[in-house]
Structures are given as C-alpha cells and as structure tokens.
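**Student:** I have a structure I would like to understand better, so I am pasting it below and will then ask my questions one at a time.
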There are 2 protein chains.
Amino acid sequence: VYKRPVRIETICTGDELLTGLTADTNSVHFQNRLLERLGVVVRRSTVVPDLRDDITEVIREVAARADVALVSGGLGPTSDDLTAECAARAAGVELVEHLGVVQYIRDRFQKRGLTVSANNLRQAIVPAGAEVVINTEGSAPMFILKLGRCTLFFVPGVPREYRHLVDTEVLPRLVGPKQRRVLCVLKVMGLFESQLDAKVRPLYASHPRVTFGYRTQAPENHLKLLADDEAALAPARADCLALLGDHVFAEGEQTLAEVVGSALKAKGHRLALAESCTGGMVAAELTKLPGASGWLESSAVTYTESAKQRWACVEAQALEKHGAVSEVVARQMAQGVRAAAGVEWGASVTGFAGPGGGTEANPVGTVYLGVSGPGVDVVERQFWPFDRERVRRAAAWGLMDLLRKKLRHD
Amino acid sequence: VYKRPVRIETICTGDELLTGLTADTNSVHFQNRLLERLGVVVRRSTVVPDLRDDITEVIREVAARADVALVSGGLGPTSDDLTAECAARAAGVELVEHLGVVQYIRDRFQKRGLTVSANNLRQAIVPAGAEVVINTEGSAPMFILKLGRCTLFFVPGVPREYRHLVDTEVLPRLVGPKQRRVLCVLKVMGLFESQLDAKVRPLYASHPRVTFGYRTQAPENHLKLLADDEAALAPARADCLALLGDHVFAEGEQTLAEVVGSALKAKGHRLALAESCTGGMVAAELTKLPGASGWLESSAVTYTESAKQRWACVEAQALEKHGAVSEVVARQMAQGVRAAAGVEWGASVTGFAGPGGGTEANPVGTVYLGVSGPGVDVVERQFWPFDRERVRRAAAWGLMDLLRKKLRHD
C-alpha cells in the first residue's frame, strides 16, 4: 500500500479518443472511485494518439510531475497498440516476454477452443522490471512501473477490463487502511437533478462533515454522501431517506431492474410485459439479470396495432376510438398480456417517442404506463420533452419504477 | 485563413471534468469537425482543474508545442473562472476591459430585463492584444491570442456556446480550401479484432499514404482508413472491400440496425422477431430508428417455454425432445412468429447466456439464430465464450447480421 498520493494524473492513449469517435468515459469511472475511496481529485488528464513519440514523451512528462499515474489503452494485440513499448522506452529498459502471461493467454484461448496467434502473444510482452498483474477479464495484463518517484499503473482501455482492474487492483494499492472514506449512494427516481438538489440543500448545514454530491443517469439521479467516518455519514443518510421517501428506489450498486426482479422473486410472482414505444427495452433490462426466467414470463413487443390485438388482446375498437397512445389501450395491454400469459402481473407502455407522430392532446414525449396485478389496476401518464432515445429510456425506467411501487404496496 | 496547421491541441479547464461528474463531450465535437473539415487529428488533449498555476502552466506548455490550441472553459462570471487571467499571465500581458463586450453584455441583459452585475462584466475583461469575437449565444466572448508561433482560441465551455463558436468562428479560421483530408470507416462483423488486423496487415505496404486503424465495439470491429486525398484512399478502400467481402456490413455512420431496416424498407417487407436469451435487445436496437413501425411488426420476447409455445408456435414436443436451445426450436420460432404475424420475414434467437444453464452439447455461450423468409429457411449456431451481457449482445448482433446477409441474397 502506497502512502497517500499528493498528485495523481491520468494518461489515455488511443486515436479514437482524438478523432471524435468516443468520449473518455473510463476516466470518469476512475475519478469517481478515487474521490469516493481516497478523497483525491485527479490533477491532470492527458489524451494522446497511438504514436510512439507522443506516448513516450507524455509518460516521461507525467512521471516527472506526479506521484501516481494511471495509463490506459494501447495494450491490445494490434499493430497500433504501442504502450508497453513506449513505457519501456520512457523507463530505458528492455521489453521481455512474461511467461506467466503467455501461459495465461494460452489457457484462456484453449478453454474457449480458439487458436493463439502471434498477435495475441504480443500482449505478454512487458517492460523489464515491471510488476505484472493478470487481468481476469481479458488477455492483456496490467503492469506497474516505477519511474523516479512516480508509480505508473498501465491498464487496458477496454471499459470492462479497465473498470475491473481499477476497482480490484489499482485502488487497493492506493488506499491505505486508515484512508478509506465512507460513501453512500441513494438512487432516486421522479425528481430532476435540480429538484433533488433544492430538496436536499437545506440538510447541508446540519451535516458539515458530509460532502453532498450528485450524479445524473437520466431519468435516475444519484445522491452521493461522502464522509470520513460512519458516525458522520449515518445521520445524514437517515435524514436524506426520510426527506426523499419513496423517491429512493435503491442504495449503492443495486439497479432498478434488480429491485423489481427481487420483489417478484420474493413474492413468487411472475410478470408479463407489453411494450410499444420502448420496443423491448424493459425486457432487455430485466433479462440482464441471471435467473430472470424465474419471474419474467415474456414481453410482447407490440410495435404495430395488429400485434397489440394479437398478443395483448387490445380491442380494435379501443385503438380506433382512443388511439394506440392512450390510457384505455395501456390498460388493455397490461390486463391483456397478464391474462394471455396467465401470470400475476402485467405491465405495459405505449407512447410517442418521436420525432414524428403525436397529437395535440398527446404530443411527442407522452407515454402511458400500465400495471395490472393482484388488487392493482393503474395507468400513469408521463410527459418527457426529450429526443427519441431519451423518451424511450425515461418510459422504460418509468414503467420499472411504477412496478416497483406497486409491488411494494400491493 | 491560417496555413495548414501541423499540430493542434486542446485544453479543457474545469473541476467537473476531473471529479467524475461529466465526460468531456465538447472535445468530441471539435475533433469530429476538425477531421471532417481539415482531416487533422487533435494531437493532444489536456484537462486541468480550476487552479491558476495549472491553467497558466498548461497554456505555456501547449503554446510551446502546438501551432493551434483550442482552450475551453473558465470564461464565466464566477470566482472560479480564471482562464482570461491565466492567459494574460502566460502571455505576459495586462488584462483590459473590452468596451465592445461591455456594451454587448449591457444590451443583452437589458433586452432580457435583467440587471448587469459586476460579475457579469468580468466577462468583458480579456488579455491586452487579444482579438475579441462576440459570442451571440452567451455573454462571455471568444478571444484569440498569439503566443510565439501558436494561435490560441479561447471559448466558453458551455456546450451550446462551445459548439456554436467552434463551428462558426474557430473552424472557418483554420480551414483552407484545399486542406480537407479523407476518412473511410468500414464496419465489420464475423472477425475478432486480431483476425481483422491479421487479414488487413498485408495491405499496409501497398498503401503507404494511408493510415490504417481499428476500433472495437464488440462484436463489431471497425477498420479506419485515413489519407490526404481521395487518390490515396480509394484504392485502399477497394482492396479492403475486396479482401473483407461480406464481412463489411456498413460504411461510416450507418449502423447494423439501419442496414437491416433499410433493406426491409427497400423491399417493402416486414419482420417479426422471437427473442429468447436476448430478451428484447434486437427489437430495442431496431426500434431506435424512427419509422421502425413501417417494417418491424413485433417481437415476441419468449423468455419461457410457455411463451415460446403461445406466441412463436413452438411445439411442446420439440421443446421436450430437443430443449429450448436447439436448432429445431430456433427454426420453429422463426417460422412460427413469421406465420403468426403474417409477415414476410421471421427471425429468432435462443441460447444460453449464462452464467447458469447450458448442456454438454450446448454449453453457456451457445446461441441458435433462425431466419425464415421468402425462399430462406436457415438456422446458424454460434458460440461466444463470454459473460452474460456480451453473449447477449453478440447474439443480438449476430441475428441482425444473419438477417442482413439473407435480405441481400434472397
């Protein structure tokens, strides 16, 4: 475990981060974790292309300034993966093949019935003297190199591998036993970020030792409470829970889909969905969870009127009289799919996601959410003045949140 | 119009870019425009916090290396907006009040019935000698400063203002008439990144004026070709297309879902899906496209055996004899959902996404993809030795890719 670092910098390599193909979201993950666990802010973040001289130069520059550097990207099997080579150049050492990694890659490929190519084995080549850490999420290992007073952690840029290594290998090496801060994340639905902030702000003064922070994953908003110890955190958490009530759907890592799935599982009930404008997003989100087949019977993605009639037992007359985006049709979809599947719960969503469509009464952004269950028969109208993809996501999350509330209160 | 810049860098200032609150999406916009209009890739991108010494230092460093720098953020009215002051320090000049901007801010506030505060007028203070450009989207102006051979453009970080000034003021000053570079992105399915690289590598020597690059969005892989002119790019593109054949499903911005949607639309055909392990992901992806209801009739997310029988007309006997993850059931699902919907095309996916389940013959990672259409009746078995979410994504993309091929060849 290192002493508490004064200055931490990040280096990301990759043409795709400089050619407008993708934003650097890896660093956001690292920054969050670093602040939560260590209370430290990254001091500088540099992105360089897949060019030997640039990578080598920036490694040298950062090593001269920082106590710790996280270097990501350029450890893959292709010819534009240059980071190990540049790290060796910056440190003035040779490249060596790491036999443990060679064996790990061979085993990994063999298990999957794949042939190892020379390219794949390039990933076992690391700077001499580096500490090597096997990456259980991928082929390329992480390695750690000292350059002067700076410790550099090199990790792959593939987001899944990056996050895994940052969480399980980099942070534990940075955070000392008494440096751990305590964090609590309350996940909230039904409030915009500005509304959440306005509601919570009056609590700041009562909890001077707690740092309040916000994170938006629309339509979810997350309230982060950070403190040096549990004695400071617990009362702030209790006050926030009392203030926010039913808006809080989960704490920590738990997702909205998990809350819904757990509630169904606990009751021994099953769910059938009828989705129109969300086009299967609710089912796709719920089936991320292993074992979802125990409580999710089906989803009818009834993207047309004929499908709504065939699978969700919606009456042609209702479609004609009220339109597919209406309270009546949402109710019939939830009830119909529940009856057709012969399960305890039915849930439906129908709406105008845009950009076309909509009526004066139900403009683009209008969605109807229906839930039918034991003693429950409800339709909620919501309006989201967003673009197509955000309306769809808001509708999918809105339906899961409505289900959550009804599952708790039925 | 400047001469073609050799080296362009960006500097973003702002604590929020280093504390995990937000990713830097402004730079993605600039990078895209720069590549499109000028064929130039940003050479380095640096993020620094709202600290005087850090901002001043990085301005000096970048000015010593680059021909052009875009500096964003820190031009607002609050006390942590320090960029103008730091620019003046880096250049060794005084700060001066720009009377044109003072007048502009007064007029702007008056029009809106707002009172101008001293803070607002801080935004009229710029380094002496800077060229000032009024920002019609906000109060803070853009200014341009020469430091040695480097031209620095300072723009606000508010995304709307940033984009407006980049598009209308920065780029027109950078782009000469004959400086456009050319880029081509070939999107590939059915090859891992290392396989794609190994296949394409022998072409490098024949096209010395073309830069080859790769980007993974598993299971898609993208091959990027970048050149100074069409004469260099066109033969490389042709060679790659000939080499990769049917693996190439799209070029540029087009997505796999769009290719499938366009093919159906062009034929005037409709599609019904039956999804098991993907749980609605194929439908969710296809319905991202506005107007999908014209060619996507429905998707039956048949997550249980009962749903497979009810909606996809799978025989109980087939489920019992072959299991839900089998060629026979995949075929019945595709045919069944096609017949039930009364449309030209049916497509199905069934598999073991894991972590539980699987058999010796069909271990976790095995998926069966079925397509039934005019003269088409095919089932393809695929094996993806990945975790649950990656198996699901690979299966969803695999089905869209199989549909694409069959739609092209039927």
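Every chain in the structure tokens has a letter given in the order shown (A, B, ...), and although residue numbers restart at 1 in each chain, ligands are simply numbered from 1 in the order shown.
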Within 10 Å of B:Glu193, counting only C-alpha atoms, which residues qualify if same-chain residues fewer than 3 places away don't, as a PyMOL selection string?
**Tutor:** (chain A and resi 76-78) or (chain B and resi 188-190+196-199+214-223)
**Student:** Determine which residues of stretch 47-157 of chain A DSSP labels as strand (DSSP E or B) from the backbone of this structure, then write them out as a list in words.
**Tutor:**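 After running DSSP on the backbone, stretch 47-157 of chain A has strand (DSSP E or B) at Val47, Val48, Val68, Ala69, Leu70, Val71, Ser72, Leu95, Val96, Glu97, Ile125, Val126, Pro127, Glu131, Val132, Val133, Met142, Phe143, Ile144, Leu145, Lys146, Leu147, Cys150, Thr151, Leu152, Phe153, Phe154 and Val155 of chain A.
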**Student:** Which RMSD value, in Å, describes how well chain B fits onto chain A when all C-alpha atoms are paired in order and fitted by least squares?
**Tutor:**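 Per the least-squares fit, the RMSD is 5.1 Å.
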**Student:** Excluding stretch 45-58 of chain B and its own-chain neighbours fewer than 5 positions away, which residues fall within 6 Å of it when counting only C-alpha atoms? Please give them as a count of residues only.
**Tutor:** 13
**Student:** Which is closer to chain B than all the others in A:His164, A:Arg209, A:Arg33, A:Lys267, using only C-alpha atoms?
**Tutor:**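 Residue with the minimum atom-to-atom distance to chain B: A:Arg33.
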**Student:** Of the candidates B:Leu183, B:Leu95, B:Ile134, B:Val328, which shows the shortest atom-to-atom distance to B:Gly252, using only C-alpha atoms?
**Tutor:**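 The shortest atom-to-atom distance to B:Gly252 comes from B:Leu183.
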**Student:** Which neighbours of A:Arg65 fall inside 12 Å, counting only C-alpha atoms, when residues of the same chain fewer than 2 positions from it are skipped, and could you give them as a list in words?
**Tutor:**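 The filter keeps Val6, Arg7, Ile8, Glu9, Thr10, Arg43, Arg44, Val58, Ile59, Arg60, Glu61, Val62, Ala63, Asp67, Val68, Ala69, Leu147, Gly148, Arg149, Cys150, Thr151 and Leu152 of chain A; Asp54 of chain B.
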**Student:** Just list as a PyMOL selection string whatever in stretch 16-254 of chain A DSSP marks as helix (DSSP H, G or I).
**Tutor:** chain A and resi 16-17+26-38+52-65+83-91+99-111+118-124+159-174+193-206+230-247
**Student:** Extract, using only C-alpha atoms, all DNA, RNA and protein residues at most 8 Å from stretch 378-386 of chain A, discarding same-chain residues fewer than 5 positions from it, and format them as a ChimeraX atom specification.
**Tutor:** /A:327,330-331,364-372,391,394
**Student:** Might you pull out every residue within 12 Å of A:Asp246, with only C-alpha atoms counted and same-chain residues fewer than 6 positions away left off, and present them as a list in words?
**Tutor:**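 The contact residues come out as Leu186, Lys187, Val188, Met189, Gly190, Leu191, Cys240, Asp401, Leu402, Arg404, Lys405, Lys406, Arg408 and His409 of chain A.
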**Student:** Rounded to one decimal in Å, what is the spacing between atom CA of A:Asn120 and atom CA of A:Glu97?
**Tutor:**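 One can read the atom CA of A:Asn120 to atom CA of A:Glu97 distance as 12.3 Å.
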